[in-house]
Amino acid sequence: MTDDSPPADGEDADTGDLTHTTDDGDVQMVDVGDKPDSERRAVAAGEIRLQESTVEAIREDEIGKGDVLATARIGAIQAVKHTWETVPMCHQIPITNVDTEFSIAENRVELAVAVETTGKTGCEMEALEGVTTGLNVVWDMVKAVEKDESGQYPETGIENVRVLEKEKHRG
């Protein structure tokens, strides 16, 4: 069940209005102090395209740096917890749960990150930060085997990062 109440101060239903600027155009953080706490959940996902041989090495735990997905999971969770430090207008929120789910396909690793909180603002930025950092960690862990002869990454790419769902439930 989603909350369809009108936007609070600092939020605007019209996407043409900027909520992070003053009337003079200065950047500001949205004041969410008067908003009631709500249970919130967001899920984001993305993927990293890799060579098939790299994906097989991940499956077989044959990457020299260690367990790629375990390390990426830790990176994703850490990123969720620190989103407010890297996204300038993002509020620090109490994270109540983080779930990470990896899927391995023939030439890619997919990652979904679900974040839950009880608070005054959503957690989709935390979910997105978890996905992008988790996928960056995968890249870092496999870069030695993913490079071509000239040290480039012609087949590697982080793609399709998006918010899959966003929920808000009033208690």
# chains A, B, ... in the order shown; residues from 1 in each chain; ligands from 1

$ closest_atom_pairs --of "stretch 34-63 of chain A" --to "stretch 82-101 of chain A" --cutoff "10 Å" --atoms "only C-alpha atoms" --output "Markdown table"
| residue | atom | partner | partner_atom | distance |
| --- | --- | --- | --- | --- |
| A:Glu39 | CA | A:Thr96 | CA | 9.7 |
| A:Arg40 | CA | A:Thr96 | CA | 9.7 |
| A:Arg41 | CA | A:Asn97 | CA | 9.2 |
| A:Ala42 | CA | A:Val98 | CA | 9.9 |
| A:Val43 | CA | A:Asp99 | CA | 9.1 |
| A:Ala44 | CA | A:Thr100 | CA | 9.9 |
| A:Ala45 | CA | A:Glu101 | CA | 9.2 |

$ residues_around --residues "A:Ser103" --least-positions-apart "5" --cutoff "10 Å" --atoms "only C-alpha atoms" --output "PyMOL selection string"
chain A and resi 47+69+108-112

$ select_by_dssp --residues "stretch 31-170 of chain A" --states "strand (DSSP E)" --output "PyMOL selection string"
chain A and resi 38-49+95-104+108-119+157-170

$ residues_around --residues "stretch 126-140 of chain A" --least-positions-apart "4" --cutoff "8 Å" --atoms "only C-alpha atoms" --output "short mmCIF file (atom, residue, chain, number, x, y, z; two decimals) with C-alpha atoms, in the first residue's frame"
data_model
loop_
_atom_site.label_atom_id
_atom_site.label_comp_id
_atom_site.auth_asym_id
_atom_site.auth_seq_id
_atom_site.Cartn_x
_atom_site.Cartn_y
_atom_site.Cartn_z
CA ALA A 42 13.40 0.80 -2.43
CA VAL A 43 14.92 -1.70 -4.83
CA ALA A 44 17.50 -0.79 -7.46
CA ALA A 45 19.28 -3.00 -9.96
CA GLY A 46 22.04 -2.90 -12.53
CA GLU A 47 24.51 -5.13 -14.32
CA ILE A 48 28.11 -5.34 -15.37
CA VAL A 68 34.19 -11.42 -6.04
CA LEU A 69 30.54 -11.52 -5.03
CA THR A 71 33.46 -8.59 -1.58
CA ALA A 72 30.95 -6.78 -3.81
CA ARG A 73 28.17 -7.52 -1.31
CA ILE A 74 30.20 -5.87 1.48
CA GLY A 75 30.93 -2.89 -0.77
CA ALA A 76 27.25 -2.51 -1.66
CA ILE A 77 26.16 -2.57 1.98
CA GLN A 78 28.87 -0.09 2.99
CA ALA A 79 27.81 2.24 0.17
CA VAL A 80 24.18 2.12 1.29
CA LYS A 81 25.20 3.11 4.82
CA THR A 83 25.15 7.46 0.80
CA LEU A 111 22.91 -7.00 -8.83
CA ALA A 112 19.71 -5.97 -7.07
CA VAL A 113 19.86 -4.04 -3.80
CA ALA A 114 16.82 -3.61 -1.55
CA VAL A 115 16.99 -1.02 1.21
CA ILE A 158 28.17 -1.10 -16.07
CA VAL A 161 21.16 0.95 -13.39
CA ARG A 162 17.63 1.85 -12.32
CA VAL A 163 15.13 1.96 -9.49
#

$ select_by_dssp --residues "chain A" --states "helix (DSSP H, G or I)" --output "PDB file with N, CA and C atoms, in the first residue's frame"
ATOM      1  N   GLU A  52      32.890 -13.722 -21.154  1.00  0.00           N
ATOM      2  CA  GLU A  52      32.372 -14.998 -20.656  1.00  0.00           C
ATOM      3  C   GLU A  52      33.399 -15.716 -19.794  1.00  0.00           C
ATOM      4  N   SER A  53      34.673 -15.615 -20.146  1.00  0.00           N
ATOM      5  CA  SER A  53      35.717 -16.273 -19.354  1.00  0.00           C
ATOM      6  C   SER A  53      35.820 -15.671 -17.953  1.00  0.00           C
ATOM      7  N   THR A  54      35.577 -14.376 -17.843  1.00  0.00           N
ATOM      8  CA  THR A  54      35.596 -13.724 -16.538  1.00  0.00           C
ATOM      9  C   THR A  54      34.419 -14.194 -15.694  1.00  0.00           C
ATOM     10  N   VAL A  55      33.249 -14.274 -16.298  1.00  0.00           N
ATOM     11  CA  VAL A  55      32.064 -14.747 -15.575  1.00  0.00           C
ATOM     12  C   VAL A  55      32.293 -16.177 -15.079  1.00  0.00           C
ATOM     13  N   GLU A  56      32.883 -17.013 -15.910  1.00  0.00           N
ATOM     14  CA  GLU A  56      33.175 -18.394 -15.507  1.00  0.00           C
ATOM     15  C   GLU A  56      34.165 -18.414 -14.338  1.00  0.00           C
ATOM     16  N   ALA A  57      35.166 -17.556 -14.369  1.00  0.00           N
ATOM     17  CA  ALA A  57      36.137 -17.478 -13.268  1.00  0.00           C
ATOM     18  C   ALA A  57      35.449 -17.025 -11.967  1.00  0.00           C
ATOM     19  N   ILE A  58      34.480 -16.122 -12.069  1.00  0.00           N
ATOM     20  CA  ILE A  58      33.714 -15.711 -10.887  1.00  0.00           C
ATOM     21  C   ILE A  58      32.925 -16.901 -10.354  1.00  0.00           C
ATOM     22  N   ARG A  59      32.257 -17.628 -11.249  1.00  0.00           N
ATOM     23  CA  ARG A  59      31.464 -18.809 -10.849  1.00  0.00           C
ATOM     24  C   ARG A  59      32.324 -19.834 -10.119  1.00  0.00           C
ATOM     25  N   VAL A  68      34.676 -12.650  -5.408  1.00  0.00           N
ATOM     26  CA  VAL A  68      34.191 -11.416  -6.035  1.00  0.00           C
ATOM     27  C   VAL A  68      32.840 -10.991  -5.477  1.00  0.00           C
ATOM     28  N   LEU A  69      31.895 -11.902  -5.429  1.00  0.00           N
ATOM     29  CA  LEU A  69      30.539 -11.524  -5.031  1.00  0.00           C
ATOM     30  C   LEU A  69      30.450 -11.222  -3.533  1.00  0.00           C
ATOM     31  N   ALA A  70      31.189 -11.936  -2.717  1.00  0.00           N
ATOM     32  CA  ALA A  70      31.192 -11.632  -1.276  1.00  0.00           C
ATOM     33  C   ALA A  70      31.772 -10.240  -1.027  1.00  0.00           C
ATOM     34  N   THR A  71      32.838  -9.918  -1.736  1.00  0.00           N
ATOM     35  CA  THR A  71      33.456  -8.593  -1.583  1.00  0.00           C
ATOM     36  C   THR A  71      32.531  -7.505  -2.109  1.00  0.00           C
ATOM     37  N   ALA A  72      31.886  -7.756  -3.243  1.00  0.00           N
ATOM     38  CA  ALA A  72      30.953  -6.782  -3.815  1.00  0.00           C
ATOM     39  C   ALA A  72      29.742  -6.577  -2.899  1.00  0.00           C
ATOM     40  N   ARG A  73      29.297  -7.634  -2.250  1.00  0.00           N
ATOM     41  CA  ARG A  73      28.170  -7.524  -1.307  1.00  0.00           C
ATOM     42  C   ARG A  73      28.545  -6.582  -0.160  1.00  0.00           C
ATOM     43  N   ILE A  74      29.736  -6.754   0.393  1.00  0.00           N
ATOM     44  CA  ILE A  74      30.197  -5.873   1.478  1.00  0.00           C
ATOM     45  C   ILE A  74      30.280  -4.435   0.988  1.00  0.00           C
ATOM     46  N   GLY A  75      30.836  -4.234  -0.201  1.00  0.00           N
ATOM     47  CA  GLY A  75      30.928  -2.885  -0.768  1.00  0.00           C
ATOM     48  C   GLY A  75      29.565  -2.248  -0.969  1.00  0.00           C
ATOM     49  N   ALA A  76      28.604  -3.034  -1.439  1.00  0.00           N
ATOM     50  CA  ALA A  76      27.253  -2.512  -1.663  1.00  0.00           C
ATOM     51  C   ALA A  76      26.618  -2.082  -0.342  1.00  0.00           C
ATOM     52  N   ILE A  77      26.747  -2.901   0.675  1.00  0.00           N
ATOM     53  CA  ILE A  77      26.162  -2.574   1.978  1.00  0.00           C
ATOM     54  C   ILE A  77      26.827  -1.341   2.571  1.00  0.00           C
ATOM     55  N   GLN A  78      28.148  -1.270   2.485  1.00  0.00           N
ATOM     56  CA  GLN A  78      28.865  -0.093   2.985  1.00  0.00           C
ATOM     57  C   GLN A  78      28.411   1.172   2.261  1.00  0.00           C
ATOM     58  N   ALA A  79      28.242   1.072   0.949  1.00  0.00           N
ATOM     59  CA  ALA A  79      27.808   2.237   0.170  1.00  0.00           C
ATOM     60  C   ALA A  79      26.419   2.703   0.594  1.00  0.00           C
ATOM     61  N   VAL A  80      25.520   1.760   0.832  1.00  0.00           N
ATOM     62  CA  VAL A  80      24.176   2.118   1.290  1.00  0.00           C
ATOM     63  C   VAL A  80      24.276   2.929   2.573  1.00  0.00           C
ATOM     64  N   LYS A  81      25.089   2.457   3.513  1.00  0.00           N
ATOM     65  CA  LYS A  81      25.200   3.110   4.817  1.00  0.00           C
ATOM     66  C   LYS A  81      25.860   4.484   4.749  1.00  0.00           C
ATOM     67  N   THR A  83      25.674   6.655   1.898  1.00  0.00           N
ATOM     68  CA  THR A  83      25.150   7.456   0.796  1.00  0.00           C
ATOM     69  C   THR A  83      25.097   8.932   1.134  1.00  0.00           C
ATOM     70  N   TRP A  84      24.654   9.259   2.318  1.00  0.00           N
ATOM     71  CA  TRP A  84      24.520  10.662   2.733  1.00  0.00           C
ATOM     72  C   TRP A  84      25.848  11.411   2.686  1.00  0.00           C
ATOM     73  N   GLU A  85      26.973  10.690   2.714  1.00  0.00           N
ATOM     74  CA  GLU A  85      28.286  11.335   2.666  1.00  0.00           C
ATOM     75  C   GLU A  85      28.755  11.624   1.244  1.00  0.00           C
ATOM     76  N   THR A  86      28.163  10.962   0.270  1.00  0.00           N
ATOM     77  CA  THR A  86      28.625  11.128  -1.111  1.00  0.00           C
ATOM     78  C   THR A  86      27.616  11.808  -2.027  1.00  0.00           C
ATOM     79  N   GLU A 124      15.669   5.390  -2.059  1.00  0.00           N
ATOM     80  CA  GLU A 124      16.066   4.960  -3.404  1.00  0.00           C
ATOM     81  C   GLU A 124      17.498   5.354  -3.748  1.00  0.00           C
ATOM     82  N   MET A 125      17.974   6.482  -3.229  1.00  0.00           N
ATOM     83  CA  MET A 125      19.364   6.867  -3.501  1.00  0.00           C
ATOM     84  C   MET A 125      20.326   5.880  -2.850  1.00  0.00           C
ATOM     85  N   GLU A 126      19.973   5.387  -1.675  1.00  0.00           N
ATOM     86  CA  GLU A 126      20.803   4.382  -1.004  1.00  0.00           C
ATOM     87  C   GLU A 126      20.837   3.090  -1.811  1.00  0.00           C
ATOM     88  N   ALA A 127      19.690   2.684  -2.355  1.00  0.00           N
ATOM     89  CA  ALA A 127      19.648   1.477  -3.179  1.00  0.00           C
ATOM     90  C   ALA A 127      20.492   1.645  -4.445  1.00  0.00           C
ATOM     91  N   LEU A 128      20.379   2.812  -5.087  1.00  0.00           N
ATOM     92  CA  LEU A 128      21.189   3.084  -6.284  1.00  0.00           C
ATOM     93  C   LEU A 128      22.677   3.109  -5.957  1.00  0.00           C
ATOM     94  N   GLU A 129      23.031   3.724  -4.845  1.00  0.00           N
ATOM     95  CA  GLU A 129      24.438   3.789  -4.441  1.00  0.00           C
ATOM     96  C   GLU A 129      24.970   2.388  -4.162  1.00  0.00           C
ATOM     97  N   GLY A 130      24.146   1.544  -3.550  1.00  0.00           N
ATOM     98  CA  GLY A 130      24.548   0.168  -3.303  1.00  0.00           C
ATOM     99  C   GLY A 130      24.820  -0.591  -4.592  1.00  0.00           C
ATOM    100  N   VAL A 131      23.937  -0.415  -5.572  1.00  0.00           N
ATOM    101  CA  VAL A 131      24.111  -1.099  -6.863  1.00  0.00           C
ATOM    102  C   VAL A 131      25.380  -0.622  -7.560  1.00  0.00           C
ATOM    103  N   THR A 132      25.544   0.681  -7.682  1.00  0.00           N
ATOM    104  CA  THR A 132      26.697   1.177  -8.448  1.00  0.00           C
ATOM    105  C   THR A 132      28.015   0.815  -7.766  1.00  0.00           C
ATOM    106  N   THR A 133      28.060   0.919  -6.454  1.00  0.00           N
ATOM    107  CA  THR A 133      29.301   0.557  -5.765  1.00  0.00           C
ATOM    108  C   THR A 133      29.547  -0.946  -5.821  1.00  0.00           C
ATOM    109  N   GLY A 134      28.501  -1.738  -5.626  1.00  0.00           N
ATOM    110  CA  GLY A 134      28.669  -3.187  -5.732  1.00  0.00           C
ATOM    111  C   GLY A 134      29.208  -3.605  -7.089  1.00  0.00           C
ATOM    112  N   LEU A 135      28.694  -2.989  -8.153  1.00  0.00           N
ATOM    113  CA  LEU A 135      29.178  -3.303  -9.498  1.00  0.00           C
ATOM    114  C   LEU A 135      30.586  -2.767  -9.734  1.00  0.00           C
ATOM    115  N   ASN A 136      30.896  -1.620  -9.157  1.00  0.00           N
ATOM    116  CA  ASN A 136      32.277  -1.110  -9.238  1.00  0.00           C
ATOM    117  C   ASN A 136      33.250  -2.060  -8.544  1.00  0.00           C
ATOM    118  N   VAL A 137      32.827  -2.638  -7.440  1.00  0.00           N
ATOM    119  CA  VAL A 137      33.683  -3.601  -6.735  1.00  0.00           C
ATOM    120  C   VAL A 137      33.914  -4.831  -7.605  1.00  0.00           C
ATOM    121  N   VAL A 138      32.865  -5.315  -8.280  1.00  0.00           N
ATOM    122  CA  VAL A 138      33.053  -6.434  -9.204  1.00  0.00           C
ATOM    123  C   VAL A 138      34.114  -6.063 -10.231  1.00  0.00           C
ATOM    124  N   TRP A 139      33.993  -4.888 -10.832  1.00  0.00           N
ATOM    125  CA  TRP A 139      34.967  -4.446 -11.843  1.00  0.00           C
ATOM    126  C   TRP A 139      36.378  -4.438 -11.249  1.00  0.00           C
ATOM    127  N   ASP A 140      36.506  -3.862 -10.065  1.00  0.00           N
ATOM    128  CA  ASP A 140      37.826  -3.804  -9.427  1.00  0.00           C
ATOM    129  C   ASP A 140      38.395  -5.204  -9.185  1.00  0.00           C
ATOM    130  N   MET A 141      37.560  -6.117  -8.775  1.00  0.00           N
ATOM    131  CA  MET A 141      38.026  -7.472  -8.460  1.00  0.00           C
ATOM    132  C   MET A 141      38.456  -8.248  -9.705  1.00  0.00           C
ATOM    133  N   VAL A 142      37.853  -7.937 -10.871  1.00  0.00           N
ATOM    134  CA  VAL A 142      38.132  -8.736 -12.074  1.00  0.00           C
ATOM    135  C   VAL A 142      38.972  -8.001 -13.111  1.00  0.00           C
ATOM    136  N   LYS A 143      39.406  -6.784 -12.828  1.00  0.00           N
ATOM    137  CA  LYS A 143      40.036  -5.979 -13.877  1.00  0.00           C
ATOM    138  C   LYS A 143      41.304  -6.619 -14.444  1.00  0.00           C
ATOM    139  N   ALA A 144      42.029  -7.375 -13.660  1.00  0.00           N
ATOM    140  CA  ALA A 144      43.254  -8.002 -14.173  1.00  0.00           C
ATOM    141  C   ALA A 144      42.955  -9.008 -15.276  1.00  0.00           C
ATOM    142  N   VAL A 145      41.841  -9.737 -15.164  1.00  0.00           N
ATOM    143  CA  VAL A 145      41.500 -10.730 -16.192  1.00  0.00           C
ATOM    144  C   VAL A 145      40.594 -10.156 -17.273  1.00  0.00           C
ATOM    145  N   GLU A 146      40.042  -8.993 -17.021  1.00  0.00           N
ATOM    146  CA  GLU A 146      39.092  -8.395 -17.966  1.00  0.00           C
ATOM    147  C   GLU A 146      39.788  -7.511 -19.006  1.00  0.00           C
TER     148      GLU A 146
END

$ atom_distance --atom1 "atom CA of A:Tyr153" --atom2 "atom CA of A:Lys65"
18.1 Å
